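Trainee: I am sharing start-v1.tsv, which consists of TSV, C-alpha atoms:
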chain	number	residue	atom	x	y	z
A	1	SER	CA	45.68	41.74	-4.24
A	2	VAL	CA	44.15	39.07	-2.02
A	3	SER	CA	40.86	40.96	-1.75
A	4	HIS	CA	40.61	41.31	-5.53
A	5	LEU	CA	41.33	37.59	-5.94
A	6	ALA	CA	38.61	36.72	-3.39
A	7	ASP	CA	36.12	38.97	-5.19
A	8	HIS	CA	37.06	37.34	-8.49
A	9	LEU	CA	36.52	33.84	-7.08
A	10	ARG	CA	33.15	34.78	-5.54
A	11	GLY	CA	32.06	36.24	-8.86
A	12	ALA	CA	33.19	33.09	-10.70
A	13	ASN	CA	31.27	30.85	-8.28
A	14	GLN	CA	28.12	32.93	-8.62
A	15	LEU	CA	28.41	32.80	-12.41
A	16	LYS	CA	28.94	29.02	-12.27
A	17	ARG	CA	25.84	28.53	-10.10
A	18	ALA	CA	23.81	30.74	-12.44
A	19	ASN	CA	24.97	28.73	-15.46
A	20	VAL	CA	24.05	25.44	-13.74
A	21	ALA	CA	20.58	26.77	-12.84
A	22	ALA	CA	20.07	27.99	-16.40
A	23	ALA	CA	21.12	24.58	-17.79
A	24	ILE	CA	18.68	22.76	-15.50
A	25	TYR	CA	15.88	25.14	-16.50
A	26	GLU	CA	16.65	24.64	-20.21
A	27	ALA	CA	16.67	20.85	-19.73
A	28	GLU	CA	13.26	21.00	-18.07
A	29	ILE	CA	11.88	23.13	-20.93
A	30	ARG	CA	13.27	20.67	-23.49
A	31	ASN	CA	11.65	17.77	-21.62
A	32	VAL	CA	8.26	19.53	-21.60
A	33	LYS	CA	8.56	20.30	-25.32
A	34	ARG	CA	9.43	16.66	-25.99
A	35	VAL	CA	6.32	15.51	-24.12
A	36	VAL	CA	4.18	17.92	-26.17
A	37	ARG	CA	5.75	16.73	-29.43
A	38	ILE	CA	5.12	13.08	-28.52
A	39	THR	CA	1.52	13.92	-27.63
A	40	LEU	CA	0.88	15.63	-30.95
A	41	ARG	CA	2.75	13.08	-33.05
A	42	GLN	CA	1.41	9.86	-31.52
A	43	ARG	CA	-1.94	11.15	-30.24
A	44	GLN	CA	-1.32	9.72	-26.80
A	45	SER	CA	-2.71	11.08	-23.58
A	46	PRO	CA	-0.45	13.45	-21.61
A	47	ASN	CA	-0.16	10.85	-18.82
A	48	GLU	CA	1.13	8.23	-21.26
A	49	CYS	CA	3.68	10.66	-22.65
A	50	ILE	CA	4.85	11.80	-19.21
A	51	GLN	CA	5.28	8.14	-18.31
A	52	ARG	CA	7.60	7.65	-21.27
A	53	ALA	CA	9.48	10.91	-20.66
A	54	THR	CA	10.13	10.23	-16.97
A	55	LEU	CA	10.93	6.52	-17.40
A	56	ILE	CA	8.21	5.14	-15.12
A	57	MET	CA	8.33	1.36	-15.13
A	58	PRO	CA	5.13	-0.51	-16.11
A	59	VAL	CA	3.34	-2.06	-13.14
A	60	TYR	CA	0.93	-5.03	-13.26
A	61	ILE	CA	-1.23	-6.81	-10.70
A	62	THR	CA	-0.27	-10.45	-11.17
A	63	ARG	CA	-2.01	-12.17	-8.25
A	64	THR	CA	-4.80	-11.57	-5.77
A	65	ALA	CA	-5.92	-13.52	-2.71
A	66	HIS	CA	-7.98	-13.20	0.45
A	67	TYR	CA	-8.67	-14.94	3.71
A	68	LEU	CA	-11.75	-14.95	5.96
A	69	PRO	CA	-11.77	-16.67	9.36
A	70	PHE	CA	-14.22	-19.48	10.11
A	71	ASP	CA	-17.67	-19.82	8.51
A	72	ALA	CA	-19.82	-16.83	7.68
A	73	VAL	CA	-22.21	-15.75	10.43
A	74	GLY	CA	-25.68	-14.81	9.28
A	75	ASN	CA	-27.80	-12.05	10.76
A	76	ASP	CA	-29.84	-14.45	12.88
A	77	GLU	CA	-26.68	-15.98	14.38
A	78	MET	CA	-24.93	-12.79	15.46
A	79	GLU	CA	-26.06	-12.78	19.06
A	80	SER	CA	-25.32	-16.46	19.52
A	81	VAL	CA	-21.68	-15.69	18.70
A	82	LEU	CA	-21.25	-12.24	20.24
A	83	GLY	CA	-23.65	-12.70	23.14
A	84	LYS	CA	-26.60	-10.60	24.29
A	85	VAL	CA	-26.58	-7.38	26.29
A	86	GLY	CA	-28.25	-8.02	29.62
A	87	ASN	CA	-29.38	-11.43	28.34
A	88	LYS	CA	-31.92	-9.66	26.13
A	89	ALA	CA	-32.24	-9.67	22.34
A	90	SER	CA	-31.34	-6.38	20.68
A	91	ARG	CA	-34.33	-4.35	19.54
A	92	ALA	CA	-32.19	-2.17	17.25
A	93	ARG	CA	-30.47	-5.06	15.45
A	94	ALA	CA	-33.12	-5.53	12.77
A	95	LEU	CA	-33.27	-1.80	12.04
A	96	VAL	CA	-29.47	-1.47	11.74
A	97	LEU	CA	-29.12	-4.54	9.52
A	98	ARG	CA	-31.95	-3.42	7.29
A	99	SER	CA	-30.18	-0.08	6.82
A	100	ASN	CA	-26.67	-1.38	6.10
A	101	GLY	CA	-27.74	-4.32	3.93
A	102	ILE	CA	-25.17	-6.73	5.39
A	103	LYS	CA	-26.28	-10.37	5.20
A	104	SER	CA	-23.30	-12.13	6.75
A	105	ARG	CA	-19.88	-11.52	8.26
A	106	HIS	CA	-16.86	-13.43	9.58
A	107	TYR	CA	-15.70	-13.26	13.20
A	108	ALA	CA	-12.25	-14.38	14.34
A	109	ILE	CA	-13.92	-15.82	17.45
A	110	ASP	CA	-13.95	-19.42	18.64
A	111	ARG	CA	-17.63	-20.25	19.11
A	112	ALA	CA	-16.83	-22.87	21.74
A	113	THR	CA	-14.99	-20.49	24.05
A	114	GLY	CA	-16.13	-17.06	22.86
A	115	LEU	CA	-12.50	-15.93	22.76
A	116	ALA	CA	-10.54	-14.38	19.91
A	117	ALA	CA	-8.95	-17.17	17.89
A	118	MET	CA	-6.71	-15.09	15.57
A	119	ASN	CA	-5.13	-11.67	15.58
A	120	ASN	CA	-4.92	-9.19	12.72
A	121	ALA	CA	-1.34	-10.07	11.75
A	122	GLN	CA	-2.29	-13.75	11.50
A	123	LEU	CA	-5.27	-12.97	9.26
A	124	THR	CA	-3.09	-10.88	6.97
A	125	THR	CA	-0.42	-13.56	6.89
A	126	ARG	CA	-2.96	-16.18	5.78
A	127	ALA	CA	-4.19	-13.94	2.96
A	128	ILE	CA	-0.64	-13.33	1.69
A	129	GLN	CA	0.20	-17.03	1.93
A	130	ASN	CA	-2.78	-17.70	-0.32
A	131	LEU	CA	-0.97	-15.77	-3.06
A	132	GLY	CA	1.30	-18.79	-3.43
A	133	LEU	CA	4.51	-16.74	-3.45
A	134	THR	CA	7.92	-18.19	-2.65
A	135	ASP	CA	10.95	-16.73	-0.92
A	136	LYS	CA	13.43	-18.36	-3.27
A	137	GLU	CA	16.24	-16.47	-4.96
A	138	GLY	CA	14.98	-14.69	-8.06
A	139	HIS	CA	11.35	-14.74	-6.92
A	140	ARG	CA	11.59	-12.84	-3.64
A	141	VAL	CA	9.31	-9.97	-2.75
A	142	ASP	CA	11.14	-6.65	-2.31
A	143	VAL	CA	8.41	-4.60	-0.60
A	144	LEU	CA	5.59	-5.51	1.78
A	145	ALA	CA	3.03	-2.74	2.34
A	146	ALA	CA	0.33	-3.57	4.87
A	147	GLY	CA	-2.62	-1.32	5.64
A	148	THR	CA	-4.85	-1.49	8.72
A	149	SER	CA	-6.49	0.78	11.25
A	150	THR	CA	-6.77	-1.95	13.89
A	151	PRO	CA	-3.22	-3.23	14.51
A	152	ASP	CA	-2.67	-5.74	17.30
A	153	GLN	CA	-0.27	-3.38	19.08
A	154	LEU	CA	1.50	-0.07	18.60
A	155	MET	CA	5.00	-1.51	18.29
A	156	PRO	CA	6.30	-3.40	16.41
A	157	SER	CA	4.19	-2.18	13.52
A	158	HIS	CA	1.57	-4.31	11.79
A	159	ALA	CA	3.68	-4.89	8.65
A	160	VAL	CA	6.67	-5.96	10.75
A	161	MET	CA	4.52	-8.53	12.57
A	162	VAL	CA	3.20	-9.89	9.27
A	163	HIS	CA	6.73	-10.10	7.88
A	164	GLY	CA	7.78	-12.08	10.93
A	165	ASN	CA	4.87	-14.49	10.53
A	166	LEU	CA	5.76	-15.04	6.88
A	167	ALA	CA	9.40	-15.76	7.78
A	168	TRP	CA	10.52	-14.14	4.54
A	169	SER	CA	14.01	-12.83	3.87
A	170	ARG	CA	14.98	-9.23	4.57
A	171	LEU	CA	12.85	-6.72	2.67
A	172	GLU	CA	11.28	-3.26	2.97
A	173	VAL	CA	8.13	-3.20	5.10
A	174	VAL	CA	5.68	-0.30	5.37
A	175	SER	CA	2.63	0.04	7.62
A	176	CYS	CA	-0.20	2.28	6.43
A	177	ALA	CA	-3.22	3.55	8.36
A	178	GLY	CA	-6.19	5.78	7.59
A	179	ILE	CA	-9.45	3.85	8.10
A	180	CYS	CA	-10.94	3.39	4.61
A	181	LEU	CA	-7.75	4.61	2.91
A	182	SER	CA	-5.26	2.27	4.60
A	183	GLY	CA	-5.56	-0.36	1.86
A	184	ILE	CA	-5.25	2.04	-1.07
A	185	ALA	CA	-2.30	3.74	0.66
A	186	ALA	CA	-0.54	0.37	0.84
A	187	LEU	CA	-1.36	-0.30	-2.82
A	188	LYS	CA	-0.01	3.10	-3.84
A	189	HIS	CA	3.27	2.54	-1.99
A	190	ALA	CA	3.67	-0.87	-3.64
A	191	TRP	CA	2.93	0.64	-7.06
A	192	LEU	CA	5.38	3.50	-6.56
A	193	SER	CA	8.10	1.09	-5.46
A	194	VAL	CA	7.82	-0.93	-8.68
A	195	ALA	CA	7.17	2.06	-10.94
A	196	SER	CA	10.30	3.84	-9.70
A	197	GLY	CA	12.44	0.77	-10.31
A	198	SER	CA	13.43	0.39	-6.66
A	199	ALA	CA	11.59	-2.95	-6.44
A	200	GLN	CA	10.75	-5.76	-8.82
A	201	ARG	CA	7.98	-7.34	-6.75
A	202	ALA	CA	5.75	-5.82	-4.11
A	203	VAL	CA	2.85	-7.10	-2.03
A	204	ALA	CA	0.08	-4.78	-0.86
A	205	CYS	CA	-2.51	-5.96	1.63
A	206	ALA	CA	-5.30	-4.56	3.79
A	207	SER	CA	-7.05	-6.04	6.78
A	208	GLU	CA	-9.26	-5.05	9.68
A	209	LEU	CA	-10.12	-7.06	12.79
A	210	VAL	CA	-12.76	-5.75	15.17
A	211	SER	CA	-13.88	-9.08	16.67
A	212	PRO	CA	-11.79	-8.60	19.86
A	213	MET	CA	-13.59	-5.29	20.46
A	214	MET	CA	-16.92	-7.07	20.48
Starting from the coordinates I provided, produce the structure as structure tokens.
Mentor:
Amino acid sequence: SVSHLADHLRGANQLKRANVAAAIYEAEIRNVKRVVRITLRQRQSPNECIQRATLIMPVYITRTAHYLPFDAVGNDEMESVLGKVGNKASRARALVLRSNGIKSRHYAIDRATGLAAMNNAQLTTRAIQNLGLTDKEGHRVDVLAAGTSTPDQLMPSHAVMVHGNLAWSRLEVVSCAGICLSGIAALKHAWLSVASGSAQRAVACASELVSPMM
């Protein structure tokens, strides 16, 4: 009857799904056993063996670069650049600087006008340009991951603005935030992109610009 046929088909489908699940489970068990065998045979660390078993691509840092705006400003020059509060020298400045140990810093401020001379996206662009990369066929970057907690605006995102400044071809762009972790988050995304095989070249960068707030 029709009802018996329907019951038979439902039973067959359930059995098929159970067989598929069992096959996947057995494949996972075999993969784990293979990792253990490789570990014991070649005396490699578990991480190295998992890398081989899961086909993670090797990733290398091939270039590094940086960019700092204008000349360094020493501790005694800070107020001449930033200005004084109420035209009076800061009494807490010496105590704060003695505690943090900072000897100099760079401000993206034009000393002649006291106005911001560069924005965050421009600083990041300069640093990436110092890598000496090209946008030619066969050498193009596939992923741009940019980390910052002080973007110039909410939208478009920081990475999109940097990509526009670079005038590179179409590629994946990712903006990361998180104060001290924004840079490492960008680096992790770049690493994962290459390790997974979805990208051949990736650029990770981090920048912060607080001069306009001062």
Trainee: Could you jot down the atom CA of Val194 of chain A to atom CA of Gln153 of chain A separation for me, Å, one decimal place?
Mentor: 29.0 Å
Trainee: How many Å separate atom CA of Gln122 of chain A from atom CA of Trp191 of chain A?
Mentor: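 Here the two named atoms are 24.1 Å from each other.
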Trainee: I'd like the contact shell of Leu82 of chain A - 9 Å cut-off, only C-alpha atoms, skipping same-chain residues fewer than 5 positions apart - returned as a ChimeraX atom specification.
Mentor: /A:77,109,111,114,211,214
Trainee: For Val210 of chain A, please output as a PyMOL selection string all residues within 12 Å (counting all atoms listed in the file; exclusion window: fewer than 2 positions along the same chain).
Mentor: chain A and resi 82+105-109+116+118-120+123+148-152+207-208+212-214
Trainee: Rank A:Leu154, A:Ala72, A:Val160, A:Cys180 by their smallest atom-to-atom distance to Ile102 of chain A, using only C-alpha atoms, and report the top residue only.
Mentor: A:Ala72
Trainee: Which neighbours of Trp168 of chain A fall inside 10 Å, counting all atoms listed in the file, when residues of the same chain fewer than 3 positions from it are skipped, and could you give them as a PDB file with C-alpha atoms, in the coordinates of the input?
Mentor:
ATOM      1  CA  THR A 134       7.920 -18.190  -2.650  1.00  0.00           C
ATOM      2  CA  ASP A 135      10.950 -16.730  -0.920  1.00  0.00           C
ATOM      3  CA  LYS A 136      13.430 -18.360  -3.270  1.00  0.00           C
ATOM      4  CA  ARG A 140      11.590 -12.840  -3.640  1.00  0.00           C
ATOM      5  CA  VAL A 141       9.310  -9.970  -2.750  1.00  0.00           C
ATOM      6  CA  VAL A 162       3.200  -9.890   9.270  1.00  0.00           C
ATOM      7  CA  HIS A 163       6.730 -10.100   7.880  1.00  0.00           C
ATOM      8  CA  GLY A 164       7.780 -12.080  10.930  1.00  0.00           C
ATOM      9  CA  ASN A 165       4.870 -14.490  10.530  1.00  0.00           C
ATOM     10  CA  LEU A 171      12.850  -6.720   2.670  1.00  0.00           C
TER      11      LEU A 171
END
Trainee: Could you give me, as a list of chain:residue names, the residues within 12 Å of segment 91-98 of chain A, counting all atoms listed in the file and dropping anything in the same chain fewer than 3 positions from it?
Mentor: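 Within the cut-off, the hits are A:Gly74, A:Asn75, A:Asp76, A:Glu77, A:Met78, A:Glu79, A:Lys84, A:Val85, A:Lys88, A:Gly101, A:Ile102, A:Lys103, A:Ser104, A:Arg105.
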Trainee: Find the residues near Ala159 of chain A: any atom within 10 Å, counting all atoms listed in the file, skip ones fewer than 6 places away on the same chain, and give them as an mmCIF file with C-alpha atoms, in the coordinates of the input.
Mentor:
data_model
loop_
_atom_site.group_PDB
_atom_site.id
_atom_site.type_symbol
_atom_site.label_atom_id
_atom_site.label_comp_id
_atom_site.auth_asym_id
_atom_site.auth_seq_id
_atom_site.Cartn_x
_atom_site.Cartn_y
_atom_site.Cartn_z
ATOM 1 C CA ALA A 121 -1.340 -10.070 11.750
ATOM 2 C CA THR A 124 -3.090 -10.880 6.970
ATOM 3 C CA THR A 125 -0.420 -13.560 6.890
ATOM 4 C CA LEU A 144 5.590 -5.510 1.780
ATOM 5 C CA ALA A 145 3.030 -2.740 2.340
ATOM 6 C CA ALA A 146 0.330 -3.570 4.870
ATOM 7 C CA GLY A 147 -2.620 -1.320 5.640
ATOM 8 C CA THR A 148 -4.850 -1.490 8.720
ATOM 9 C CA PRO A 151 -3.220 -3.230 14.510
ATOM 10 C CA ASN A 165 4.870 -14.490 10.530
ATOM 11 C CA GLU A 172 11.280 -3.260 2.970
ATOM 12 C CA VAL A 173 8.130 -3.200 5.100
ATOM 13 C CA VAL A 174 5.680 -0.300 5.370
ATOM 14 C CA SER A 175 2.630 0.040 7.620
ATOM 15 C CA CYS A 176 -0.200 2.280 6.430
ATOM 16 C CA CYS A 205 -2.510 -5.960 1.630
#
Trainee: To one decimal in Å, tell me the separation between atom CA of Gly178 of chain A and atom CA of Ala190 of chain A.
Mentor: 16.4 Å
Trainee: Around (-4.2, -19.4, 1.5), as given in the file, which residues come within 12 Å? Count only C-alpha atoms and list them as a PyMOL selection string.
Mentor: chain A and resi 64-69+122-133
